[in-house]
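Peer 1: Coordinates in work_17.tsv, TSV, C-alpha atoms, are listed below.
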```tsv
chain	number	residue	atom	x	y	z
U	1	MET	CA	94.25	113.75	77.68
U	2	THR	CA	91.25	115.22	79.53
U	3	VAL	CA	89.93	114.72	83.04
U	4	THR	CA	86.84	113.08	81.57
U	5	ASP	CA	89.06	110.64	79.65
U	6	LEU	CA	90.85	109.75	82.88
U	7	ALA	CA	87.60	109.11	84.77
U	8	ALA	CA	86.43	106.82	81.97
U	9	ARG	CA	89.78	105.03	81.93
U	10	LEU	CA	89.64	104.39	85.67
U	11	SER	CA	86.13	102.99	85.32
U	12	ARG	CA	87.28	100.62	82.57
U	13	LEU	CA	90.24	99.50	84.67
U	14	GLU	CA	87.92	98.70	87.57
U	15	GLN	CA	85.63	96.68	85.30
U	16	TRP	CA	88.63	94.81	83.89
U	17	ARG	CA	89.92	94.14	87.41
U	18	ALA	CA	86.55	92.77	88.54
U	19	ALA	CA	86.45	90.41	85.56
U	20	ARG	CA	90.07	89.29	85.83
U	21	TRP	CA	90.68	89.23	89.57
U	22	ARG	CA	88.77	87.99	92.57
U	23	ASP	CA	87.87	90.45	95.31
U	24	ASP	CA	90.87	89.64	97.46
U	25	ASP	CA	94.18	91.02	96.22
U	26	LEU	CA	95.68	87.57	96.77
U	27	TYR	CA	94.08	86.44	93.53
U	28	LYS	CA	95.31	89.15	91.21
U	29	LYS	CA	96.95	87.93	88.07
U	30	LEU	CA	100.48	88.79	87.04
U	31	PRO	CA	100.80	91.48	84.34
U	32	LEU	CA	100.50	90.31	80.76
U	33	ILE	CA	103.12	91.17	78.14
U	34	GLY	CA	103.15	94.94	77.71
U	35	GLU	CA	101.37	95.67	81.00
U	36	ARG	CA	103.10	97.55	83.78
U	37	ASN	CA	103.70	95.90	87.13
U	38	LEU	CA	101.74	98.15	89.47
U	39	VAL	CA	102.29	96.10	92.64
U	40	GLU	CA	105.10	96.99	95.08
U	41	PRO	CA	106.48	99.85	92.92
U	42	THR	CA	108.89	100.84	95.68
U	43	VAL	CA	110.52	97.41	95.66
U	44	VAL	CA	110.32	96.67	91.94
U	45	SER	CA	111.84	100.03	90.94
U	46	ILE	CA	115.07	99.32	92.85
U	47	LEU	CA	115.67	95.77	91.62
U	48	ARG	CA	117.14	96.83	88.27
U	49	TYR	CA	120.02	98.64	89.98
U	50	PHE	CA	121.31	95.41	91.53
U	51	LEU	CA	120.17	92.37	89.52
U	52	ARG	CA	121.90	91.30	86.29
U	53	PRO	CA	121.43	88.40	83.84
U	54	GLY	CA	122.62	85.15	85.41
U	55	ASP	CA	122.07	86.27	89.03
U	56	VAL	CA	120.19	84.33	91.70
U	57	ALA	CA	117.46	86.16	93.63
U	58	PHE	CA	115.29	85.04	96.57
U	59	ASP	CA	111.78	86.41	97.06
U	60	ILE	CA	110.88	85.41	100.62
U	61	GLY	CA	107.16	85.95	101.05
U	62	SER	CA	106.13	85.99	97.40
U	63	GLN	CA	102.34	86.26	97.64
U	64	ALA	CA	100.91	86.38	94.10
U	65	GLY	CA	104.33	86.69	92.46
U	66	HIS	CA	104.63	90.26	91.18
U	67	VAL	CA	108.13	90.77	92.57
U	68	VAL	CA	109.03	87.25	91.40
U	69	GLN	CA	108.03	88.20	87.87
U	70	ALA	CA	110.14	91.37	87.96
U	71	MET	CA	113.13	89.42	89.28
U	72	SER	CA	112.64	86.72	86.64
U	73	GLY	CA	112.91	89.22	83.79
U	74	LEU	CA	116.04	90.83	85.22
U	75	VAL	CA	118.05	87.65	85.89
U	76	GLY	CA	117.08	86.14	82.54
U	77	PRO	CA	117.06	82.52	81.36
U	78	LYS	CA	120.49	81.76	82.86
U	79	GLY	CA	119.51	83.18	86.24
U	80	LEU	CA	117.30	81.76	88.98
U	81	VAL	CA	114.56	83.13	91.20
U	82	VAL	CA	113.52	81.15	94.28
U	83	ALA	CA	110.05	82.05	95.56
U	84	PHE	CA	109.50	81.11	99.21
U	85	GLU	CA	105.86	81.10	100.32
U	86	ALA	CA	104.59	79.63	103.60
U	87	SER	CA	100.84	79.99	103.15
U	88	VAL	CA	99.31	77.05	101.31
U	89	ARG	CA	96.43	79.13	99.98
U	90	THR	CA	98.83	81.77	98.67
U	91	ALA	CA	101.34	79.24	97.33
U	92	ARG	CA	98.59	77.56	95.32
U	93	LYS	CA	97.78	80.78	93.48
U	94	LEU	CA	101.47	81.65	93.16
U	95	LEU	CA	102.12	78.34	91.40
U	96	ILE	CA	99.26	79.04	88.97
U	97	ASN	CA	100.66	82.51	88.23
U	98	ILE	CA	104.21	81.21	87.70
U	99	THR	CA	102.89	78.59	85.30
U	100	ASP	CA	100.54	80.95	83.45
U	101	ALA	CA	103.32	83.52	82.99
U	102	ASN	CA	105.75	80.81	81.79
U	103	LEU	CA	108.42	81.83	84.30
U	104	ARG	CA	110.81	78.96	83.62
U	105	ASN	CA	113.61	80.32	85.77
U	106	VAL	CA	111.50	80.36	88.96
U	107	GLU	CA	111.43	77.66	91.64
U	108	LEU	CA	108.66	77.65	94.26
U	109	VAL	CA	109.51	76.51	97.81
U	110	HIS	CA	106.41	76.01	99.97
U	111	SER	CA	107.99	76.43	103.41
U	112	ALA	CA	108.16	79.05	106.14
U	113	VAL	CA	111.57	80.73	106.25
U	114	CYS	CA	112.77	80.84	109.85
U	115	ASP	CA	115.95	80.67	111.96
U	116	THR	CA	115.93	76.87	112.11
U	117	GLY	CA	114.80	74.37	109.49
U	118	GLY	CA	113.00	71.10	110.02
U	119	GLN	CA	110.38	72.39	112.45
U	120	ARG	CA	106.59	72.39	112.20
U	121	LEU	CA	105.11	75.68	113.38
U	122	LYS	CA	101.67	77.23	113.48
U	123	LEU	CA	100.94	79.66	110.65
U	124	PHE	CA	98.04	81.85	111.78
U	125	LEU	CA	95.53	82.69	109.06
U	126	HIS	CA	94.77	86.36	108.42
U	127	ASN	CA	91.29	87.46	107.41
U	128	SER	CA	92.56	88.95	104.13
U	129	GLN	CA	94.53	85.83	103.05
U	130	ASN	CA	97.47	88.09	102.17
U	131	ASN	CA	98.98	88.33	105.63
U	132	ASP	CA	99.19	84.87	107.20
U	133	SER	CA	101.88	85.01	109.87
U	134	LEU	CA	104.04	82.83	112.11
U	135	PHE	CA	104.23	85.61	114.69
U	136	PRO	CA	101.12	87.83	114.63
U	137	LYS	CA	100.87	90.39	117.39
U	138	ASP	CA	98.68	89.30	120.30
U	139	VAL	CA	96.48	86.76	118.51
U	140	SER	CA	93.89	86.78	121.29
U	141	SER	CA	93.03	90.48	120.84
U	142	ASN	CA	93.81	90.97	117.14
U	143	SER	CA	90.57	90.83	115.17
U	144	ALA	CA	92.41	89.84	111.97
U	145	PHE	CA	93.59	86.58	113.56
U	146	SER	CA	92.14	83.86	115.77
U	147	GLU	CA	93.90	81.44	118.11
U	148	ASN	CA	91.87	78.67	116.48
U	149	ARG	CA	92.60	79.55	112.84
U	150	TYR	CA	95.98	78.19	111.84
U	151	VAL	CA	97.72	75.49	109.83
U	152	TYR	CA	101.04	73.77	110.48
U	153	VAL	CA	103.90	74.54	108.11
U	154	ASP	CA	107.42	73.17	107.72
U	155	THR	CA	110.28	75.59	108.28
U	156	ILE	CA	113.46	76.10	106.31
U	157	ALA	CA	116.59	78.15	107.04
U	158	ILE	CA	118.23	80.11	104.22
U	159	ASP	CA	121.73	78.93	105.13
U	160	ASP	CA	120.61	75.31	104.94
U	161	TYR	CA	118.88	75.85	101.61
U	162	CYS	CA	121.88	77.59	100.05
U	163	GLU	CA	124.32	74.94	101.24
U	164	LYS	CA	122.09	72.07	100.14
U	165	TRP	CA	121.73	73.37	96.59
U	166	GLN	CA	125.08	75.17	96.37
U	167	ILE	CA	123.65	78.51	95.29
U	168	ILE	CA	124.49	82.05	96.38
U	169	PRO	CA	121.78	84.69	95.96
U	170	ARG	CA	122.75	88.16	94.83
U	171	LEU	CA	119.64	89.72	96.39
U	172	LEU	CA	116.98	88.74	98.94
U	173	LYS	CA	113.61	90.40	99.42
U	174	LEU	CA	111.88	89.60	102.74
U	175	ASP	CA	108.22	90.34	103.41
U	176	ILE	CA	107.00	87.66	105.82
U	177	GLU	CA	104.70	89.41	108.27
U	178	GLY	CA	106.91	89.77	111.31
U	179	ALA	CA	109.25	86.80	110.77
U	180	GLU	CA	111.99	88.81	109.03
U	181	PHE	CA	114.36	88.85	112.01
U	182	ASP	CA	114.11	85.08	112.45
U	183	ALA	CA	114.75	84.60	108.73
U	184	LEU	CA	117.90	86.74	108.98
U	185	ARG	CA	119.15	84.69	111.93
U	186	GLY	CA	118.83	81.62	109.72
U	187	ALA	CA	120.92	83.32	107.00
U	188	ARG	CA	123.84	84.43	109.17
U	189	ARG	CA	126.53	82.47	107.28
U	190	LEU	CA	125.27	83.78	103.95
U	191	LEU	CA	125.31	87.36	105.22
U	192	GLU	CA	128.83	87.11	106.65
U	193	ARG	CA	130.43	85.29	103.71
U	194	HIS	CA	128.63	86.50	100.60
U	195	ARG	CA	126.97	89.80	101.58
U	196	PRO	CA	123.87	89.80	99.35
U	197	VAL	CA	121.74	92.90	98.94
U	198	LEU	CA	118.57	92.84	101.05
U	199	ILE	CA	115.18	94.52	100.75
U	200	ILE	CA	113.14	94.12	103.92
U	201	GLU	CA	109.59	95.13	104.75
U	202	ASP	CA	109.70	96.13	108.40
U	203	LEU	CA	106.66	98.15	109.40
U	204	ASP	CA	107.29	98.42	113.12
U	205	ASN	CA	109.74	100.44	115.17
U	206	ASP	CA	111.73	97.30	115.89
U	207	PRO	CA	115.53	97.65	115.69
U	208	ARG	CA	116.36	93.92	115.62
U	209	CYS	CA	116.80	93.57	111.85
U	210	PHE	CA	118.80	96.80	111.67
U	211	ASP	CA	121.05	95.76	114.58
U	212	LEU	CA	121.70	92.26	113.27
U	213	LEU	CA	122.65	93.54	109.82
U	214	ALA	CA	124.77	96.37	111.22
U	215	SER	CA	126.71	93.81	113.26
U	216	VAL	CA	127.85	92.11	110.02
U	217	GLY	CA	128.70	95.33	108.16
U	218	TYR	CA	125.48	96.41	106.44
U	219	ARG	CA	124.28	99.95	105.82
U	220	CYS	CA	120.60	100.86	105.70
U	221	PHE	CA	119.07	103.05	102.98
U	222	ASP	CA	115.69	104.60	102.41
U	223	LEU	CA	114.34	102.59	99.50
U	224	ILE	CA	112.82	105.67	97.87
U	225	THR	CA	115.20	108.58	98.47
U	226	LEU	CA	118.21	106.20	98.42
U	227	LYS	CA	119.74	108.13	101.32
U	228	PRO	CA	121.57	106.33	104.15
U	229	LEU	CA	119.67	105.93	107.41
U	230	THR	CA	121.04	105.86	110.93
U	231	ARG	CA	119.45	103.63	113.53
U	232	GLU	CA	117.44	106.59	114.79
U	233	ASP	CA	116.37	107.49	111.24
U	234	ARG	CA	115.20	103.95	110.67
U	235	LEU	CA	113.16	103.79	113.85
U	236	SER	CA	111.46	107.13	113.13
U	237	SER	CA	110.76	106.39	109.45
U	238	ARG	CA	107.16	105.91	108.33
U	239	GLU	CA	108.13	103.93	105.23
U	240	ALA	CA	107.51	100.20	104.95
U	241	ASN	CA	110.52	98.90	103.02
U	242	PHE	CA	114.25	99.35	103.58
U	243	LEU	CA	117.37	98.55	101.58
U	244	PHE	CA	120.49	97.03	103.15
U	245	VAL	CA	123.82	96.97	101.29
U	246	HIS	CA	127.15	95.83	102.74
U	247	LYS	CA	129.61	98.64	103.46
U	248	ASP	CA	132.26	97.08	101.20
U	249	GLU	CA	130.01	97.03	98.13
U	250	SER	CA	130.12	99.91	95.67
U	251	LEU	CA	126.76	101.54	95.11
U	252	PRO	CA	125.15	102.08	91.69
U	253	PRO	CA	125.56	105.61	90.22
U	254	ILE	CA	121.94	106.54	91.01
U	255	PHE	CA	122.89	106.71	94.71
U	256	ALA	CA	125.28	109.58	94.02
U	257	LYS	CA	122.71	111.76	92.27
U	258	GLU	CA	121.18	114.81	93.86
U	259	TRP	CA	117.63	114.84	95.16
U	260	ILE	CA	115.87	117.84	93.61
U	261	GLU	CA	112.40	119.05	94.56
U	262	GLU	CA	110.81	120.28	91.35
U	263	SER	CA	107.34	121.43	92.33
U	264	GLU	CA	104.53	121.13	94.84
U	265	ILE	CA	100.90	120.87	93.82
U	266	SER	CA	98.32	121.86	96.40
U	267	SER	CA	94.99	120.08	96.62
U	268	GLN	CA	93.31	123.30	95.42
U	269	GLN	CA	95.25	123.00	92.15
U	270	LEU	CA	93.83	119.55	91.43
U	271	ILE	CA	90.92	119.48	89.01
U	272	ALA	CA	87.69	117.77	90.03
U	273	ALA	CA	86.49	115.17	87.52
U	274	ASP	CA	82.96	114.11	86.68
U	275	ARG	CA	83.45	111.08	88.88
U	276	PRO	CA	82.91	111.81	92.60
U	277	GLY	CA	86.10	111.64	94.65
U	278	LEU	CA	88.47	111.90	91.66
U	279	ARG	CA	90.84	114.86	91.40
U	280	VAL	CA	93.56	115.26	88.76
U	281	SER	CA	96.56	117.53	88.24
U	282	ALA	CA	97.38	119.55	85.16
U	283	PRO	CA	99.85	117.78	82.81
U	284	LEU	CA	103.43	117.55	84.10
U	285	LYS	CA	106.44	117.17	81.81
U	286	ILE	CA	108.77	114.32	82.78
U	287	HIS	CA	112.01	113.10	81.21
U	288	ARG	CA	112.74	109.56	80.15
U	289	ASN	CA	114.92	107.26	82.25
U	290	THR	CA	114.78	109.67	85.18
U	291	ARG	CA	113.79	108.54	88.65
U	292	TYR	CA	110.94	110.63	90.05
U	293	VAL	CA	109.34	110.50	93.50
U	294	LEU	CA	105.87	111.70	94.41
U	295	THR	CA	105.33	112.62	98.07
U	296	TRP	CA	101.66	112.69	99.10
U	297	ASN	CA	100.93	114.93	102.07
U	298	PHE	CA	97.73	113.99	103.88
U	299	ASP	CA	95.95	115.77	106.70
U	300	SER	CA	96.91	113.84	109.83
U	301	SER	CA	93.68	114.81	111.58
U	302	THR	CA	91.30	113.52	108.92
U	303	SER	CA	88.54	111.11	109.89
U	304	PHE	CA	88.62	109.18	106.61
U	305	ASP	CA	91.30	106.59	107.47
U	306	GLU	CA	89.09	103.61	106.56
U	307	VAL	CA	88.19	105.01	103.15
U	308	ASN	CA	89.56	103.16	100.12
U	309	ALA	CA	92.03	105.31	98.18
U	310	VAL	CA	93.90	105.13	94.89
U	311	ILE	CA	96.77	107.54	94.20
U	312	GLY	CA	99.19	107.59	91.30
U	313	ALA	CA	100.18	108.91	87.89
U	314	ILE	CA	98.72	108.23	84.48
U	315	ASP	CA	100.58	108.58	81.16
U	316	TYR	CA	99.74	110.15	77.82
U	317	LYS	CA	97.70	107.09	76.81
U	318	ASN	CA	95.54	107.29	79.96
U	319	GLU	CA	97.27	104.18	81.28
U	320	MET	CA	98.57	103.78	84.82
U	321	LEU	CA	102.25	104.63	85.16
U	322	VAL	CA	102.33	103.96	88.90
U	323	ARG	CA	99.75	103.65	91.67
U	324	TYR	CA	99.08	102.66	95.26
U	325	GLN	CA	95.70	101.33	96.33
U	326	ALA	CA	94.88	100.82	100.02
U	327	SER	CA	92.97	102.35	102.89
U	328	LEU	CA	93.75	106.01	103.39
U	329	GLY	CA	95.08	105.25	106.87
U	330	LEU	CA	97.63	102.76	105.52
U	331	LEU	CA	98.75	105.15	102.79
U	332	LYS	CA	99.23	107.93	105.35
U	333	SER	CA	101.20	105.76	107.75
U	334	HIS	CA	103.54	103.87	105.41
U	335	TYR	CA	103.14	104.71	101.72
U	336	THR	CA	103.39	108.47	101.31
U	337	LYS	CA	106.28	108.33	98.81
U	338	MET	CA	105.95	106.81	95.34
U	339	PRO	CA	108.91	106.33	92.94
U	340	PHE	CA	108.46	105.93	89.18
U	341	GLU	CA	110.24	106.19	85.85
U	342	SER	CA	109.17	106.35	82.22
U	343	ASP	CA	110.85	105.15	79.03
U	344	LEU	CA	109.66	108.30	77.27
U	345	ASP	CA	109.76	112.07	77.49
U	346	GLU	CA	106.06	112.66	78.09
U	347	GLU	CA	103.36	114.48	79.98
U	348	VAL	CA	101.70	112.75	82.90
U	349	ARG	CA	98.88	113.59	85.27
U	350	LEU	CA	98.77	112.85	88.98
U	351	PHE	CA	95.47	111.72	90.44
U	352	VAL	CA	93.81	110.85	93.72
U	353	LEU	CA	90.58	108.82	93.94
U	354	LEU	CA	88.94	108.62	97.37
U	355	GLY	CA	85.78	106.62	97.89
U	356	ALA	CA	83.75	108.86	100.19
U	357	GLN	CA	82.03	112.22	100.04
U	358	HIS	CA	84.36	115.06	101.04
U	359	ALA	CA	87.27	112.58	101.49
U	360	ASP	CA	89.29	114.62	98.99
U	361	GLU	CA	89.75	117.12	101.82
U	362	ALA	CA	92.23	114.63	103.31
U	363	LEU	CA	94.91	115.46	100.70
U	364	GLU	CA	96.89	118.65	101.32
U	365	SER	CA	99.47	118.53	98.51
U	366	VAL	CA	101.69	116.39	96.26
U	367	ARG	CA	105.40	117.14	95.95
U	368	VAL	CA	107.29	116.11	92.79
U	369	SER	CA	111.03	115.36	93.14
U	370	ARG	CA	113.62	113.79	90.88
U	371	PHE	CA	117.18	112.49	90.87
U	372	SER	CA	119.59	114.56	88.80
```
Go ahead and express the file in the form of structure tokens.

Peer 2:
Amino acid sequence: MTVTDLAARLSRLEQWRAARWRDDDLYKKLPLIGERNLVEPTVVSILRYFLRPGDVAFDIGSQAGHVVQAMSGLVGPKGLVVAFEASVRTARKLLINITDANLRNVELVHSAVCDTGGQRLKLFLHNSQNNDSLFPKDVSSNSAFSENRYVYVDTIAIDDYCEKWQIIPRLLKLDIEGAEFDALRGARRLLERHRPVLIIEDLDNDPRCFDLLASVGYRCFDLITLKPLTREDRLSSREANFLFVHKDESLPPIFAKEWIEESEISSQQLIAADRPGLRVSAPLKIHRNTRYVLTWNFDSSTSFDEVNAVIGAIDYKNEMLVRYQASLGLLKSHYTKMPFESDLDEEVRLFVLLGAQHADEALESVRVSRFS
């Protein structure tokens, strides 16, 4: 595998993406058979430690359905995945993806999950279509939203849904753009009686979700390092997603493994490719069925926060093993750590692709760690 090969592979992937997806990430297709799921790697990588065939899982805020697809494969034909999606424009694409991927164990619920069911609330429309929200911050001054751009949606409470259909989810994932706390309030009976595992995206320094779950016996974990977090740890964390497991539940063996820092690669050790903005590491040996974490250290003073960036690892076939793609500012603030595993003993390369001249100066180093 050469740097030139990698640059060519990335170009082909971009051409394929342009042909297969629309510009907005909302419209991306689910992976085909044999393709890796490269969306939400932090969330998807943890699901297999908790979901088993026959389980019920709730994906609350499903967007295009990548987490739904991962859940569907894990719970199998005798299990059930319920995909809750409030946005009509997102739900429409989600239904197409569920149908195209033949996910027969998935049920789509087009409602906004909230603390009380049976209401009709305003869902404010985000410019990107991915982030429509019941509770956007300060609509009047937020350029991504407008007070005049909204639709009405029906609400549903998780407790009501579970009692109506007599189902008990093993795991819930919540990513509903600021409505997570209200959704938890509407699931209080479920949390107290059945104690499902929860994965929550909670970008802000808001302790309400942590406090509510702590009051019913839940512990919080970093979703990447799998280490327990105190309330202060949680509020100071820059990560976007958090794991909550009840104190009476035994943890999978991976949680007992040691966190070992293997190596650190400085930006000067990355090799410049023919393609501008692309830098690649020398091959790194990894072991199969081992959880690795890449920690990307960016210069906090850089002026390239609006630049589009792609970071990740590529395998021996020049195919993506894992990647994040977002603005550099978003990666720096919430997505600096990247977990991944491989089914093989193989050599991989790390890469960073930044879409501006001299933007590669923003990366200081990449640290490679593993669980052992």

Peer 1: So for region 228-238 of chain U, what box centre and size do we get, axis-aligned, 5 Å extra on each of the six sides, every listed atom, Å to one decimal, as JSON?

Peer 2:
```
{"center_x": 114.4, "center_y": 105.6, "center_z": 109.5, "size_x": 24.4, "size_y": 13.9, "size_z": 20.6}
```

Peer 1: From the options U:Phe371, U:Phe351, U:Phe340, U:Tyr335, which residue's atoms come nearest to Arg36 (chain U), counting only C-alpha atoms?

Peer 2: U:Phe340

Peer 1: Skip Arg92 (chain U) itself and residues of its chain fewer than 6 positions away, then list as an mmCIF file with C-alpha atoms, in the frame of the given file all residues within 10 Å of it, counting only C-alpha atoms.

Peer 2:
```cif
data_model
loop_
_atom_site.group_PDB
_atom_site.id
_atom_site.type_symbol
_atom_site.label_atom_id
_atom_site.label_comp_id
_atom_site.auth_asym_id
_atom_site.auth_seq_id
_atom_site.Cartn_x
_atom_site.Cartn_y
_atom_site.Cartn_z
ATOM 1 C CA GLN U 63 102.340 86.260 97.640
ATOM 2 C CA ALA U 64 100.910 86.380 94.100
ATOM 3 C CA GLU U 85 105.860 81.100 100.320
ATOM 4 C CA HIS U 110 106.410 76.010 99.970
#
```

Peer 1: One decimal, in Å: what's the spacing between CA of Gly76 (chain U) and CA of Cys220 (chain U)?

Peer 2: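 Distance between the two atoms: 27.7 Å.
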
Peer 1: Find the nearest atom pair between each residue of region 307-366 of chain U and region 254-266 of chain U for residues within 8 Å, count all atoms listed in the file, give distances in Å to one decimal, sort rows by chain and ascending number, and present the table as CSV.

Peer 2:
```
residue,atom,partner,partner_atom,distance
U:Glu364,CA,U:Ser266,CA,6.0
U:Ser365,CA,U:Ser266,CA,4.1
U:Val366,CA,U:Ile265,CA,5.2
```

Peer 1: Identify which of the residues U:Val67, U:Val245, U:Arg238, U:Asp211 lies closest to Leu226 (chain U), counting all atoms listed in the file when measuring atom-to-atom distances.

Peer 2: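 Using all atoms listed in the file, Leu226 (chain U) sits closest to U:Val245.
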
Peer 1: Determine the nearest neighbour of Ala112 (chain U) from the options U:Met71, U:Ala157, U:Ala326, U:Ala282, counting all atoms listed in the file.

Peer 2: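 Distance minimum relative to Ala112 (chain U) lands on U:Ala157.
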
Peer 1: Find, counting only C-alpha atoms, the residue in U:Arg188, U:Arg231, U:Lys337, U:Arg219 that gets nearest to Ser250 (chain U).

Peer 2: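 Under the stated criterion, the closest residue is U:Arg219.
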
Peer 1: Please measure the separation of CA of Asp5 (chain U) and CA of Gly329 (chain U), giving the value in Å to one decimal.

Peer 2: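 Result for CA of Asp5 (chain U) versus CA of Gly329 (chain U): 28.4 Å, one decimal.
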
Peer 1: Restricting the calculation to all atoms listed in the file, which member of U:Ile199, U:Asp206, U:His126, U:Leu353 is positioned closest to Asp274 (chain U)?

Peer 2: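 Closest to Asp274 (chain U), using all atoms listed in the file: U:Leu353.
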
Peer 1: Which of these, U:Leu74, U:Gly312, U:Leu278, U:Leu330, has the shortest distance to Ala7 (chain U) once you count all atoms listed in the file?

Peer 2: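 Among U:Leu74, U:Gly312, U:Leu278, U:Leu330, it is U:Leu278 that comes nearest to Ala7 (chain U).
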
Peer 1: Kindly output region 67-79 of chain U as a short mmCIF file (atom, residue, chain, number, x, y, z; two decimals), in the coordinates of the input, after building N, CA and C atoms.

Peer 2:
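Generated output (part-v1.cif):
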```
data_model
loop_
_atom_site.label_atom_id
_atom_site.label_comp_id
_atom_site.auth_asym_id
_atom_site.auth_seq_id
_atom_site.Cartn_x
_atom_site.Cartn_y
_atom_site.Cartn_z
N VAL U 67 106.69 90.52 92.45
CA VAL U 67 108.13 90.77 92.57
C VAL U 67 108.91 89.63 91.92
N VAL U 68 108.41 88.41 92.06
CA VAL U 68 109.03 87.25 91.40
C VAL U 68 109.12 87.49 89.90
N GLN U 69 108.04 87.98 89.32
CA GLN U 69 108.03 88.20 87.87
C GLN U 69 109.05 89.26 87.47
N ALA U 70 109.15 90.33 88.26
CA ALA U 70 110.14 91.37 87.96
C ALA U 70 111.56 90.82 88.07
N MET U 71 111.82 90.04 89.12
CA MET U 71 113.13 89.42 89.28
C MET U 71 113.44 88.48 88.12
N SER U 72 112.45 87.71 87.71
CA SER U 72 112.64 86.72 86.64
C SER U 72 113.11 87.39 85.35
N GLY U 73 112.50 88.51 85.01
CA GLY U 73 112.91 89.22 83.79
C GLY U 73 114.31 89.78 83.87
N LEU U 74 114.72 90.21 85.06
CA LEU U 74 116.04 90.83 85.22
C LEU U 74 117.17 89.80 85.22
N VAL U 75 116.97 88.64 85.83
CA VAL U 75 118.05 87.65 85.89
C VAL U 75 118.12 86.80 84.62
N GLY U 76 117.04 86.79 83.83
CA GLY U 76 117.08 86.14 82.54
C GLY U 76 117.09 84.62 82.59
N PRO U 77 117.16 83.98 81.43
CA PRO U 77 117.06 82.52 81.36
C PRO U 77 118.21 81.78 82.03
N LYS U 78 119.37 82.42 82.19
CA LYS U 78 120.49 81.76 82.86
C LYS U 78 120.53 82.05 84.36
N GLY U 79 119.61 82.88 84.82
CA GLY U 79 119.51 83.18 86.24
C GLY U 79 118.46 82.30 86.91
#
```
